[in-house]
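One structure is given below, encoded as structure tokens.
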Amino acid sequence: MPIRDADLLGHGNRGYRVWHYDLELAYKPSTGRLSGVATVSAVAEEALSAFALDLGPFTVDRLTVDGKPARWTHRGGKLRVRIGAPVPRGSLFSVELRYAGRPAPIRTRHWGEVGWDELTDGALVASQPVGAPSWFPCNDTVSGKATFRIGLTVPSDYAVLVTGVLTERSSSGSTTRWEYVQDAPTACYLATVQIGRYESETLADGQYAAVPRSLLRSFRHDFGRQPSMMALFTDLFGPYPFAEYAVVVTEDELEVPVEAQGLSIFGANHVDGRRGFERLVAHELAHQWFGNSVGLADWRHIWLNEGFAAYAEWLWSERSGGRPAAVLAAVARSHLAGEPQDLVIGDPPARDMFDDRVYQRGALTLHALRESVGDRAFFAILAEWTETYRHATASTDDFVAVAQRHTGTDLRPLFDAWLFAAPLP
């Protein structure tokens, strides 16, 4: 069954749109307990007498709507709220609630556990695609972008990195409060918290990192070319879309790196002192344009995230003295030819959202487009794409329309063959 956005995944709620999340949190790594006050500011898209938020198994102590007590039930990951005085369509309203508990990742049918995860010493959040309710109440849809303010208090011997720009840091006794603000619209799954015993490292102006002391030397070598990547991608894709870019390397090993908005998370196993994982450094950085700034209208278009980031790996290789994109495309095509020819990457089933074929065939789609229209038109298409849909959401049809505007030719047969037919062209 093809993906039908949040309804299929069991997350997300109709009737309103969130425009801002304000979270004031406290976390104790020794006990794993998280407590907080969340204020969710929204606009009603229809007359509301009730609505729901997505939230994991926390204890909710108090809840108000526009400052007035409201009735609620909380089970099965849904916090359902009944309003005394209905909210008219088009009106702003806010929900404030206190909650506490031990956050745990969301268990999913197809993608394992996602969301808040305890490390050996600290914690991280990797929420793609439906892990955001593991740590805060939200309307968890991929297309629902909002701004964030997040304050987080932890023991002072831990460092904290959160989605956004650090605006305040203050210590009191044995704890330190960190406050971050993200003014760029952000999907819930791209909001993150990173807590650990990290050393701060600056790679370039606006590019910094949090790394365990034991990995600093290898990190400096492995990520030493990231500023050059940033310069290349800015030239090819347009201005970097956020105020800063951060990298976190955990002391624990991670199966794969994960991007958040303005921040990427790598495991200790991705730092080997030999730049053995440099393609992943490029992949996660490219997501800041493709997937984070230009978000998805719904999950069926995920090739727009992963195919573009995979192709950015090939572009970095080509422009940094490695194998050309054409060679890497031939290798990928040969590999895919030996795989089952049963996946339509333009509308995949939920279980296959993160199948490697979506990544590789998505990249091959872009390479086929590049070969068809030539470099000048191809890179103009990418620049218009990131500019037109900067901090917004888009679909495959939107991308096809941008491509056709630049070429004046009918490109639908090319996209149909690569995205909507199972056999490899």
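Please note that chains go A, B, ... in the order of the structure tokens, that every chain numbers its residues from 1, and that ligands are numbered from 1 in the order shown.
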
Taking 4 positions as the minimum chain separation for residues in the same chain, which residues sit within 7 Å of Leu152 in chain A when counting only C-alpha atoms? Answer as a PDB file with C-alpha atoms, in the first residue's frame.
```pdb
ATOM      1  CA  GLU A  24      10.893  24.452  28.834  1.00  0.00           C
ATOM      2  CA  LEU A  25      12.481  21.134  29.808  1.00  0.00           C
ATOM      3  CA  ALA A  26      14.687  19.560  32.467  1.00  0.00           C
ATOM      4  CA  ARG A 177      20.133  25.910  31.430  1.00  0.00           C
ATOM      5  CA  TRP A 178      20.608  26.116  27.674  1.00  0.00           C
ATOM      6  CA  GLU A 179      18.161  28.016  25.461  1.00  0.00           C
TER       7      GLU A 179
END
```

Practice problem: Excluding Leu215 in chain A and any residue of its chain fewer than 3 positions from it, enumerate the residues within 8 Å of it, using only C-alpha atoms, and give them as a PyMOL selection string. | Solution: chain A and resi 211-212+218-219+268+271

Selected residues, N, CA and C atoms, written as a compact mmCIF listing (two decimals), in the first residue's frame, please.
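And here's selection-v8.txt as it stands now:
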```
# COMPACT_ATOMS: atom_id res chain seq x y z
N VAL A 211 32.09 17.02 20.10
CA VAL A 211 32.80 15.76 19.87
C VAL A 211 33.41 15.27 21.18
N PRO A 212 33.37 13.97 21.46
CA PRO A 212 34.08 13.45 22.63
C PRO A 212 35.58 13.74 22.51
N SER A 218 40.93 12.51 15.31
CA SER A 218 40.39 11.86 14.11
C SER A 218 39.29 12.69 13.48
N PHE A 219 38.46 13.32 14.31
CA PHE A 219 37.37 14.15 13.79
C PHE A 219 37.92 15.30 12.95
N ALA A 268 30.39 7.26 16.90
CA ALA A 268 31.85 7.13 17.00
C ALA A 268 32.40 6.26 15.88
N VAL A 271 33.81 7.90 12.62
CA VAL A 271 35.05 8.68 12.69
C VAL A 271 36.19 7.68 12.78
```

Practice problem: Name the residues of range 50-259 of chain A that come out as strand (DSSP E or B) in a backbone DSSP run; write them as a count of residues only. | Solution: 112

Quiz item: At what distance in Å, to one decimal, does CA of Lys78 in chain A lie from CA of Tyr16 in chain A?
Solution: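 It comes out at 15.3 Å.
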
Exercise. Would you kindly return, as a ChimeraX atom specification, each protein, DNA or RNA residue with an atom no farther than 9 Å from any atom of range 145-148 of chain A, considering only C-alpha atoms and excluding same-chain residues fewer than 3 positions away?
Key: /A:17-23,141-142,163-164,180-188,191,295,391-393

Store the residues picked out above, limited to C-alpha atoms, as a PDB file, in the first residue's frame.
```pdb
ATOM      1  CA  ARG A  17      -1.886  24.011  12.170  1.00  0.00           C
ATOM      2  CA  VAL A  18       0.881  24.650  14.711  1.00  0.00           C
ATOM      3  CA  TRP A  19       3.035  27.699  14.070  1.00  0.00           C
ATOM      4  CA  HIS A  20       5.216  27.675  17.213  1.00  0.00           C
ATOM      5  CA  TYR A  21       6.395  25.273  19.930  1.00  0.00           C
ATOM      6  CA  ASP A  22       7.723  26.672  23.201  1.00  0.00           C
ATOM      7  CA  LEU A  23       9.343  24.014  25.396  1.00  0.00           C
ATOM      8  CA  THR A 141       3.090  15.489  10.300  1.00  0.00           C
ATOM      9  CA  VAL A 142       5.976  15.751   7.861  1.00  0.00           C
ATOM     10  CA  THR A 163      17.694  22.634  16.993  1.00  0.00           C
ATOM     11  CA  GLY A 164      18.330  26.336  16.431  1.00  0.00           C
ATOM     12  CA  TYR A 180      17.935  27.626  21.695  1.00  0.00           C
ATOM     13  CA  VAL A 181      15.708  29.402  19.186  1.00  0.00           C
ATOM     14  CA  GLN A 182      14.874  28.091  15.711  1.00  0.00           C
ATOM     15  CA  ASP A 183      13.235  30.832  13.656  1.00  0.00           C
ATOM     16  CA  ALA A 184      13.211  28.813  10.418  1.00  0.00           C
ATOM     17  CA  PRO A 185      10.065  26.698   9.988  1.00  0.00           C
ATOM     18  CA  THR A 186      10.891  23.153  11.120  1.00  0.00           C
ATOM     19  CA  ALA A 187       9.102  19.820  10.811  1.00  0.00           C
ATOM     20  CA  CYS A 188       8.649  18.061  14.145  1.00  0.00           C
ATOM     21  CA  ALA A 191      13.709  19.005  15.916  1.00  0.00           C
ATOM     22  CA  GLY A 295      10.447  19.744   3.059  1.00  0.00           C
ATOM     23  CA  HIS A 391      11.454  26.762   4.209  1.00  0.00           C
ATOM     24  CA  ALA A 392       8.336  25.322   2.558  1.00  0.00           C
ATOM     25  CA  THR A 393       7.122  21.913   1.423  1.00  0.00           C
TER      26      THR A 393
END
```

Self-check item: Contact residues around Ser94 in chain A with only C-alpha atoms at 7 Å, ignoring same-chain residues under 4 positions, as a PyMOL selection string
Solution: chain A and resi 39-42+65-66

Wanna dump the range 167-234 of chain A-range 299-316 of chain A contacts at 10 Å for me, each residue with its shortest atom pair and the distance in Å to one decimal, counting only C-alpha atoms, ordered by chain and number, as a tab-separated table?
```
residue	atom	partner	partner_atom	distance
A:Ser228	CA	A:Trp316	CA	9.5
A:Met229	CA	A:Trp316	CA	6.9
A:Leu232	CA	A:Trp316	CA	7.8
A:Phe233	CA	A:Ala312	CA	8.1
```

Practice problem: Give me, please, the distance in Å between CA of Ile345 in chain A and CA of Phe420 in chain A, quoted to one decimal. | Solution: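 Going from CA of Ile345 in chain A over to CA of Phe420 in chain A covers 6.7 Å.
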
Exercise. Name the closest residue to Ser200 in chain A among the candidates A:Leu63, A:Ala159, A:Ala377, A:Ser134; distances are taken between atoms, counting only C-alpha atoms.
Key: A:Ala159

Quiz prompt | Nearby residues (only C-alpha atoms) at most 9 Å from Ala330 in chain A, same-chain spacing under 5 positions excluded, as a VMD selection string | solution = chain A and resid 325 335 364

Once you have the residues from the selection above, write them out as a CSV table (one decimal), in the first residue's frame, restricted to N, CA and C atoms.
```
chain,number,residue,atom,x,y,z
A,325,ALA,N,30.5,11.6,-11.3
A,325,ALA,CA,29.2,11.2,-11.0
A,325,ALA,C,28.7,10.1,-12.0
A,335,HIS,N,24.4,-2.2,-9.6
A,335,HIS,CA,23.9,-2.8,-8.4
A,335,HIS,C,22.4,-3.0,-8.4
A,364,LEU,N,19.9,8.3,-9.3
A,364,LEU,CA,20.0,8.0,-10.8
A,364,LEU,C,19.0,8.8,-11.6
```
